[in-house]
Every structure is written in C-alpha cells, then in structure tokens.
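Enquirer: Below: one structure in structure tokens.
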Amino acid sequence: MEPGELRRAVEAGRATASELGLRACDATVIHNSDRVALRLLPCDVLARVAPAKQLADSEFEAEIARRLAAVDAPVAELDARVEPRVHSRAAFAISYWTYYEPVGSGIAPADYADVLRRHHAALRQTDIDAPRFTDRVAMALREVNDHERSPELPDSDREFLSDTLSALSAEIGTDEAGDQLLHGEPHPGNLLNTRRGPLFADLATCCRGPIEFDLAHAPEEVGEHYAGADPALIHRCRALNWAMFSAWRWRRTDQMPDRSHWRAEGLNRLRTALDHPGMT
C-alpha cells in the first residue's frame, strides 16, 4: 500500500481492535503489499487489513481457517478472543489472527514435505467451494492481454507471458482426476516456524488442482520427500507459477514492494524454469 493508504489501514486495524476489546496501543507493520499484516500490542494479535474490494477474499480465508482448525490442520488460526469473522471499517476489510512468535532458523525439506502432506490430508476433509488453479491462470491472462491493465508491459514480454500461461495451463489442466483442495501458495514466506511446529498462513489463495501445484511453490528439495509426487509435473507447475507471478507484477494496480526489481526477476526466473531439464 502507498504511505497514505498504509497509515489509514494501520489506524483502521488498531481502532477496530480497540473497539473489540483488544488493547492495541502500538502497531508494527510486518508485511505491506496489496494488504497489510500488523502486529498489535500489548494484545499481541496479528491483524490483516485489506482494501474493501478484497472483502470476499478475506471472508473466504476466514472460512477456510475455521474449517481447517476443526480438523486439526497445521494452519495459523483466527484469534479466539474476538468473533471469528471479517470486520469492515473505513474502506478496509480486517481480520484478527493468532500471532506466532517465530522460532528456529528454517524448516528442513523433509519436515516441509511432512507438514504439506498433513495439510493436504486436512484439506481433503474440508468441503468448500474453491476455484480451480486454471481460473487463477485465466485471471493472469486477462491482466497480460489487456493493455490498459498492464500498460508498461513490453510487447515482446506480453506475447511471451500470454503464450506461456496459455500453453502451460492447457497442458497441466487437462487431467482433473488428481485434483484436490490446495493451499495455493505454500511458499516459505507462508510457512511459519512456531513453537507449535510449522503452520501455514495466508489461506486466501486456496484453490483446486494437483498437489504438484502446491509443491512447485516450495523449495525444490521438498518434492523429493513427498511420496507419490510427479517431478515433471512439479517443474511445469513451477514455470506456471512464475508466469503468474510475473503477470501480477505488471498490473497497473500492483503494490508489491520493489516492484521494478520483481518485474525483471520474475521473467528471468520464468525463463530459467522453462529451461530446466525436467521440462523436456
């Protein structure tokens, strides 16, 4: 978020928490992108503050979190001290989550694979409507193919992204037999190392697809420890994920920090992924 909007988001998160009975004298920004994550003290709660246009996504995330908590999934949970729902204030959608103090220096590939396997098992017990991953690809294609939505995207890169998204989506999305509910973006930034063990956060990206789509967000070594995963499909999904990542960075409305760097880096990583021996 831009500085002015960020200030309003922080105040909305803090003020709403206070009204709900949580002492929120201080707010620290933990993450700032199209939505903001705040640590509020002294109540020690994590507030997620998104623009009101993302209300439906925030409500979807809260519902997924409630259902996964009921089946003991390894996920971050909504804060139990307030009603487990999304609150609206001053053009923002706000939800309150348990804050987990990070521990340790990293998660070993075998442990990463184990927690993702357990997460997938819990997701299979969760009955909720969610888009297929191909719907997300279609959204990325709309951004790439619309010059008004991505006015700064060079024509050569526009053609490259459009062709890559279309081809990989068609190739990976043909067989729906192995689809299940997925996290959607279980990359290391969304896996918290806590005293309770590793927990997945940021559940709004939940979608349906093959498990390899999730594994493609994890470090490459993780797939080697996930029994039954198809290495070739992981490589294709990883290329597709970088293509979608790149598409989002060229959106006119994208607010990812250091966007210029990630525009170039995303395209470079996509080309590297397409050149991987596993793609042949």
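By convention here, the chains of the structure tokens are called A, B, ... in the order presented, each chain's residues are numbered starting at 1, and ligands are numbered starting at 1 in the order presented.
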Can you tell me which residues surround Arg117 (chain A) at a distance of at most 10 Å, considering only C-alpha atoms, apart from same-chain residues fewer than 2 positions away, and format the answer as a ChimeraX atom specification?
Expert: /A:111-115,119-123,211,215,225-227
Enquirer: Take the residues from that selection and write them out as a PDB file, in the first residue's frame, keeping N, CA and C atoms.
Expert:
```pdb
ATOM      1  N   ASP A 111      10.855 -32.040   6.679  1.00  0.00           N
ATOM      2  CA  ASP A 111       9.813 -31.522   7.568  1.00  0.00           C
ATOM      3  C   ASP A 111       8.804 -30.681   6.784  1.00  0.00           C
ATOM      4  N   TYR A 112       9.300 -29.952   5.808  1.00  0.00           N
ATOM      5  CA  TYR A 112       8.424 -29.139   4.949  1.00  0.00           C
ATOM      6  C   TYR A 112       7.444 -30.059   4.211  1.00  0.00           C
ATOM      7  N   ALA A 113       7.988 -31.130   3.627  1.00  0.00           N
ATOM      8  CA  ALA A 113       7.147 -32.081   2.902  1.00  0.00           C
ATOM      9  C   ALA A 113       6.130 -32.734   3.832  1.00  0.00           C
ATOM     10  N   ASP A 114       6.553 -33.047   5.057  1.00  0.00           N
ATOM     11  CA  ASP A 114       5.647 -33.690   6.008  1.00  0.00           C
ATOM     12  C   ASP A 114       4.485 -32.779   6.380  1.00  0.00           C
ATOM     13  N   VAL A 115       4.768 -31.511   6.671  1.00  0.00           N
ATOM     14  CA  VAL A 115       3.687 -30.608   7.073  1.00  0.00           C
ATOM     15  C   VAL A 115       2.774 -30.314   5.882  1.00  0.00           C
ATOM     16  N   HIS A 119      -1.149 -31.079   5.718  1.00  0.00           N
ATOM     17  CA  HIS A 119      -2.054 -30.010   5.310  1.00  0.00           C
ATOM     18  C   HIS A 119      -2.973 -30.479   4.179  1.00  0.00           C
ATOM     19  N   HIS A 120      -2.409 -31.186   3.217  1.00  0.00           N
ATOM     20  CA  HIS A 120      -3.224 -31.712   2.123  1.00  0.00           C
ATOM     21  C   HIS A 120      -4.258 -32.710   2.636  1.00  0.00           C
ATOM     22  N   ALA A 121      -3.869 -33.536   3.608  1.00  0.00           N
ATOM     23  CA  ALA A 121      -4.821 -34.500   4.172  1.00  0.00           C
ATOM     24  C   ALA A 121      -5.983 -33.773   4.847  1.00  0.00           C
ATOM     25  N   ALA A 122      -5.684 -32.690   5.573  1.00  0.00           N
ATOM     26  CA  ALA A 122      -6.743 -31.912   6.223  1.00  0.00           C
ATOM     27  C   ALA A 122      -7.627 -31.226   5.187  1.00  0.00           C
ATOM     28  N   LEU A 123      -7.028 -30.731   4.113  1.00  0.00           N
ATOM     29  CA  LEU A 123      -7.802 -30.076   3.057  1.00  0.00           C
ATOM     30  C   LEU A 123      -8.765 -31.061   2.392  1.00  0.00           C
ATOM     31  N   ILE A 211      -1.554 -31.825  -6.410  1.00  0.00           N
ATOM     32  CA  ILE A 211      -0.662 -31.487  -5.294  1.00  0.00           C
ATOM     33  C   ILE A 211       0.629 -30.866  -5.799  1.00  0.00           C
ATOM     34  N   LEU A 215       3.421 -28.062  -4.436  1.00  0.00           N
ATOM     35  CA  LEU A 215       4.843 -28.397  -4.276  1.00  0.00           C
ATOM     36  C   LEU A 215       5.735 -27.477  -5.099  1.00  0.00           C
ATOM     37  N   HIS A 225      10.888 -35.369  -1.099  1.00  0.00           N
ATOM     38  CA  HIS A 225      10.462 -36.037   0.135  1.00  0.00           C
ATOM     39  C   HIS A 225       8.957 -36.253   0.193  1.00  0.00           C
ATOM     40  N   TYR A 226       8.248 -35.902  -0.873  1.00  0.00           N
ATOM     41  CA  TYR A 226       6.794 -36.032  -0.888  1.00  0.00           C
ATOM     42  C   TYR A 226       6.445 -37.253  -1.741  1.00  0.00           C
ATOM     43  N   ALA A 227       6.095 -38.359  -1.077  1.00  0.00           N
ATOM     44  CA  ALA A 227       5.834 -39.614  -1.777  1.00  0.00           C
ATOM     45  C   ALA A 227       4.692 -39.463  -2.774  1.00  0.00           C
TER      46      ALA A 227
END
```
Enquirer: If we count only C-alpha atoms, what is near Ser162 (chain A) at a cut-off of 12 Å, once residues fewer than 2 positions away on the same chain are taken out, given as a list in words?
Expert: Val137, Ala138, Met139, Ala140, Leu141, Arg142, Glu143, Val144, Asn145, Asp146, Leu153, Asp155, Ser156, Asp157, Arg158, Glu159, Phe160, Thr164, Leu165, Ser166, Ala167, Leu168, Ser169, Leu240, Ala243, Met244, Ser246 and Ala247 of chain A
Enquirer: Among region 3-200 of chain A, which ones does DSSP assign to strand (DSSP E or B) (computed from the backbone)? Answer as a ChimeraX atom specification.
Expert: /A:24-32,36-42,45-51,75,78,87-89,92-98,132,180-182,191-194,197-200
Enquirer: Using only C-alpha atoms, which of A:Glu11, A:Asp72, A:Glu59, A:Glu5 sits nearest Leu199 (chain A)?
Expert: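 Nearest candidate to Leu199 (chain A) out of A:Glu11, A:Asp72, A:Glu59, A:Glu5: A:Asp72.
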Enquirer: Find the residue from A:Gly209, A:Pro42, A:Pro186, A:Gly197 that sits nearest to Gly173 (chain A); use only C-alpha atoms when measuring.
Expert: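 The answer is A:Gly209, which sits nearest to Gly173 (chain A).
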Enquirer: If you run DSSP on the backbone, which residues of region 37-261 of chain A are alpha helix (DSSP H), as number ranges by chain?
Expert: A: 55-70, 109-124, 133-145, 155-172, 211-215, 220-223, 231-249, 259-261
Enquirer: Tell me, as a list of chain:residue names, which residues lie within 12 Å of Ala52 (chain A), counting only C-alpha atoms; anything in the same chain fewer than 2 positions away does not count.
Expert: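 With the cut-off at 12 Å, the set is A:Ala9, A:Ala12, A:Asp34, A:Arg35, A:Val49, A:Ala50, A:Gln54, A:Leu55, A:Ala56, A:Asp57, A:Ser58, A:Glu59, A:Val86, A:His87, A:Ser88, A:Arg89, A:Ala90, A:Ala91, A:Phe92, A:Ala93, A:Ile94, A:Ser95.
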Enquirer: For the residues in the current selection, export N, CA and C atoms as a PDB file, in the first residue's frame.
Expert:
```
ATOM      1  N   ALA A   9      -4.858   2.254   6.860  1.00  0.00           N
ATOM      2  CA  ALA A   9      -5.056   0.834   7.148  1.00  0.00           C
ATOM      3  C   ALA A   9      -4.610   0.494   8.562  1.00  0.00           C
ATOM      4  N   ALA A  12      -7.151   1.846  10.983  1.00  0.00           N
ATOM      5  CA  ALA A  12      -8.376   1.053  10.953  1.00  0.00           C
ATOM      6  C   ALA A  12      -8.197  -0.251  11.716  1.00  0.00           C
ATOM      7  N   ASP A  34      -0.515  -5.670  -1.276  1.00  0.00           N
ATOM      8  CA  ASP A  34      -1.869  -5.212  -1.568  1.00  0.00           C
ATOM      9  C   ASP A  34      -2.748  -5.275  -0.319  1.00  0.00           C
ATOM     10  N   ARG A  35      -2.301  -6.015   0.697  1.00  0.00           N
ATOM     11  CA  ARG A  35      -2.901  -5.965   2.022  1.00  0.00           C
ATOM     12  C   ARG A  35      -1.779  -5.926   3.044  1.00  0.00           C
ATOM     13  N   VAL A  49      -5.208  -6.432   7.175  1.00  0.00           N
ATOM     14  CA  VAL A  49      -6.044  -5.319   6.716  1.00  0.00           C
ATOM     15  C   VAL A  49      -5.932  -5.229   5.193  1.00  0.00           C
ATOM     16  N   ALA A  50      -7.073  -5.390   4.532  1.00  0.00           N
ATOM     17  CA  ALA A  50      -7.114  -5.376   3.072  1.00  0.00           C
ATOM     18  C   ALA A  50      -8.087  -4.305   2.602  1.00  0.00           C
ATOM     19  N   GLN A  54     -11.390  -6.375  -1.431  1.00  0.00           N
ATOM     20  CA  GLN A  54     -10.946  -7.734  -1.163  1.00  0.00           C
ATOM     21  C   GLN A  54     -11.737  -8.393  -0.033  1.00  0.00           C
ATOM     22  N   LEU A  55     -12.897  -7.817   0.300  1.00  0.00           N
ATOM     23  CA  LEU A  55     -13.707  -8.357   1.388  1.00  0.00           C
ATOM     24  C   LEU A  55     -14.048  -9.823   1.162  1.00  0.00           C
ATOM     25  N   ALA A  56     -14.480 -10.171  -0.041  1.00  0.00           N
ATOM     26  CA  ALA A  56     -14.860 -11.557  -0.321  1.00  0.00           C
ATOM     27  C   ALA A  56     -13.678 -12.502  -0.128  1.00  0.00           C
ATOM     28  N   ASP A  57     -12.473 -12.085  -0.555  1.00  0.00           N
ATOM     29  CA  ASP A  57     -11.277 -12.910  -0.372  1.00  0.00           C
ATOM     30  C   ASP A  57     -10.966 -13.085   1.122  1.00  0.00           C
ATOM     31  N   SER A  58     -11.111 -12.007   1.884  1.00  0.00           N
ATOM     32  CA  SER A  58     -10.840 -12.083   3.317  1.00  0.00           C
ATOM     33  C   SER A  58     -11.841 -12.998   4.015  1.00  0.00           C
ATOM     34  N   GLU A  59     -13.104 -12.934   3.615  1.00  0.00           N
ATOM     35  CA  GLU A  59     -14.127 -13.797   4.205  1.00  0.00           C
ATOM     36  C   GLU A  59     -13.890 -15.254   3.824  1.00  0.00           C
ATOM     37  N   VAL A  86     -14.703 -11.366   9.502  1.00  0.00           N
ATOM     38  CA  VAL A  86     -14.038 -10.204   8.914  1.00  0.00           C
ATOM     39  C   VAL A  86     -14.837  -8.959   9.269  1.00  0.00           C
ATOM     40  N   HIS A  87     -14.139  -7.915   9.713  1.00  0.00           N
ATOM     41  CA  HIS A  87     -14.769  -6.663  10.124  1.00  0.00           C
ATOM     42  C   HIS A  87     -14.518  -5.604   9.055  1.00  0.00           C
ATOM     43  N   SER A  88     -15.489  -4.718   8.849  1.00  0.00           N
ATOM     44  CA  SER A  88     -15.355  -3.641   7.870  1.00  0.00           C
ATOM     45  C   SER A  88     -15.246  -2.305   8.591  1.00  0.00           C
ATOM     46  N   ARG A  89     -14.276  -1.495   8.124  1.00  0.00           N
ATOM     47  CA  ARG A  89     -14.097  -0.159   8.710  1.00  0.00           C
ATOM     48  C   ARG A  89     -13.324   0.721   7.734  1.00  0.00           C
ATOM     49  N   ALA A  90     -13.854   1.889   7.466  1.00  0.00           N
ATOM     50  CA  ALA A  90     -13.134   2.915   6.683  1.00  0.00           C
ATOM     51  C   ALA A  90     -12.544   2.352   5.391  1.00  0.00           C
ATOM     52  N   ALA A  91     -13.365   1.650   4.620  1.00  0.00           N
ATOM     53  CA  ALA A  91     -12.967   1.101   3.316  1.00  0.00           C
ATOM     54  C   ALA A  91     -11.933  -0.014   3.426  1.00  0.00           C
ATOM     55  N   PHE A  92     -11.880  -0.689   4.592  1.00  0.00           N
ATOM     56  CA  PHE A  92     -10.957  -1.800   4.765  1.00  0.00           C
ATOM     57  C   PHE A  92     -11.703  -3.025   5.297  1.00  0.00           C
ATOM     58  N   ALA A  93     -11.184  -4.201   4.953  1.00  0.00           N
ATOM     59  CA  ALA A  93     -11.654  -5.473   5.495  1.00  0.00           C
ATOM     60  C   ALA A  93     -10.573  -5.972   6.456  1.00  0.00           C
ATOM     61  N   ILE A  94     -10.962  -6.257   7.702  1.00  0.00           N
ATOM     62  CA  ILE A  94      -9.983  -6.525   8.752  1.00  0.00           C
ATOM     63  C   ILE A  94     -10.311  -7.845   9.446  1.00  0.00           C
ATOM     64  N   SER A  95      -9.304  -8.699   9.599  1.00  0.00           N
ATOM     65  CA  SER A  95      -9.458  -9.939  10.350  1.00  0.00           C
ATOM     66  C   SER A  95      -8.323 -10.040  11.368  1.00  0.00           C
TER      67      SER A  95
END
```
Enquirer: For Ala177 (chain A), find every residue with an atom within 10 Å (counting only C-alpha atoms), except residues of its own chain fewer than 3 positions away, and show them as an MDAnalysis selection string.
Expert: chainID A and resid 174 180 209:210
Enquirer: Would you please work out which residue, of A:Glu63, A:Glu77, A:Glu83, A:Glu185, is nearest to Ile128 (chain A) when using only C-alpha atoms?
Expert: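 Closest candidate: A:Glu63.
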Enquirer: Find the distance between CA of Thr205 (chain A) and CA of Leu182 (chain A) and write it in Å to one decimal.
Expert: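 Taking CA of Thr205 (chain A) and CA of Leu182 (chain A), their separation equals 8.5 Å.
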Enquirer: Which neighbours of Gly178 (chain A) fall inside 12 Å, counting only C-alpha atoms, when residues of the same chain fewer than 6 positions from it are skipped, and could you give them as number ranges by chain?
Expert: A: 124, 172, 208-213, 228-230, 233
Enquirer: Could you check the closest approach to Pro154 (chain A) for each of A:Glu221, A:Ala70, A:Trp250, A:Glu265 and tell me which residue wins, using only C-alpha atoms?
Expert: A:Trp250
Enquirer: Pick out the residues sitting within 9 Å of Glu61 (chain A), and hand them over as a PDB file with N, CA and C atoms, in the first residue's frame; count only C-alpha atoms, and ignore anything fewer than 5 positions along from it in its own chain.
Expert:
```
ATOM      1  N   ALA A  56     -14.480 -10.171  -0.041  1.00  0.00           N
ATOM      2  CA  ALA A  56     -14.860 -11.557  -0.321  1.00  0.00           C
ATOM      3  C   ALA A  56     -13.678 -12.502  -0.128  1.00  0.00           C
ATOM      4  N   ARG A  66     -11.392 -21.423   9.686  1.00  0.00           N
ATOM      5  CA  ARG A  66     -12.293 -22.036  10.671  1.00  0.00           C
ATOM      6  C   ARG A  66     -12.465 -23.531  10.401  1.00  0.00           C
ATOM      7  N   ASP A 202      -1.843 -17.343   5.350  1.00  0.00           N
ATOM      8  CA  ASP A 202      -2.294 -16.765   4.076  1.00  0.00           C
ATOM      9  C   ASP A 202      -3.078 -17.797   3.253  1.00  0.00           C
ATOM     10  N   LEU A 203      -4.298 -18.061   3.691  1.00  0.00           N
ATOM     11  CA  LEU A 203      -5.106 -19.122   3.098  1.00  0.00           C
ATOM     12  C   LEU A 203      -6.041 -18.632   1.997  1.00  0.00           C
ATOM     13  N   ALA A 204      -6.005 -17.350   1.679  1.00  0.00           N
ATOM     14  CA  ALA A 204      -6.934 -16.796   0.687  1.00  0.00           C
ATOM     15  C   ALA A 204      -6.680 -17.326  -0.721  1.00  0.00           C
ATOM     16  N   THR A 205      -5.508 -17.927  -0.945  1.00  0.00           N
ATOM     17  CA  THR A 205      -5.168 -18.438  -2.284  1.00  0.00           C
ATOM     18  C   THR A 205      -5.629 -19.873  -2.487  1.00  0.00           C
ATOM     19  N   CYS A 206      -6.367 -20.430  -1.534  1.00  0.00           N
ATOM     20  CA  CYS A 206      -6.837 -21.810  -1.621  1.00  0.00           C
ATOM     21  C   CYS A 206      -7.562 -22.046  -2.950  1.00  0.00           C
TER      22      CYS A 206
END
```
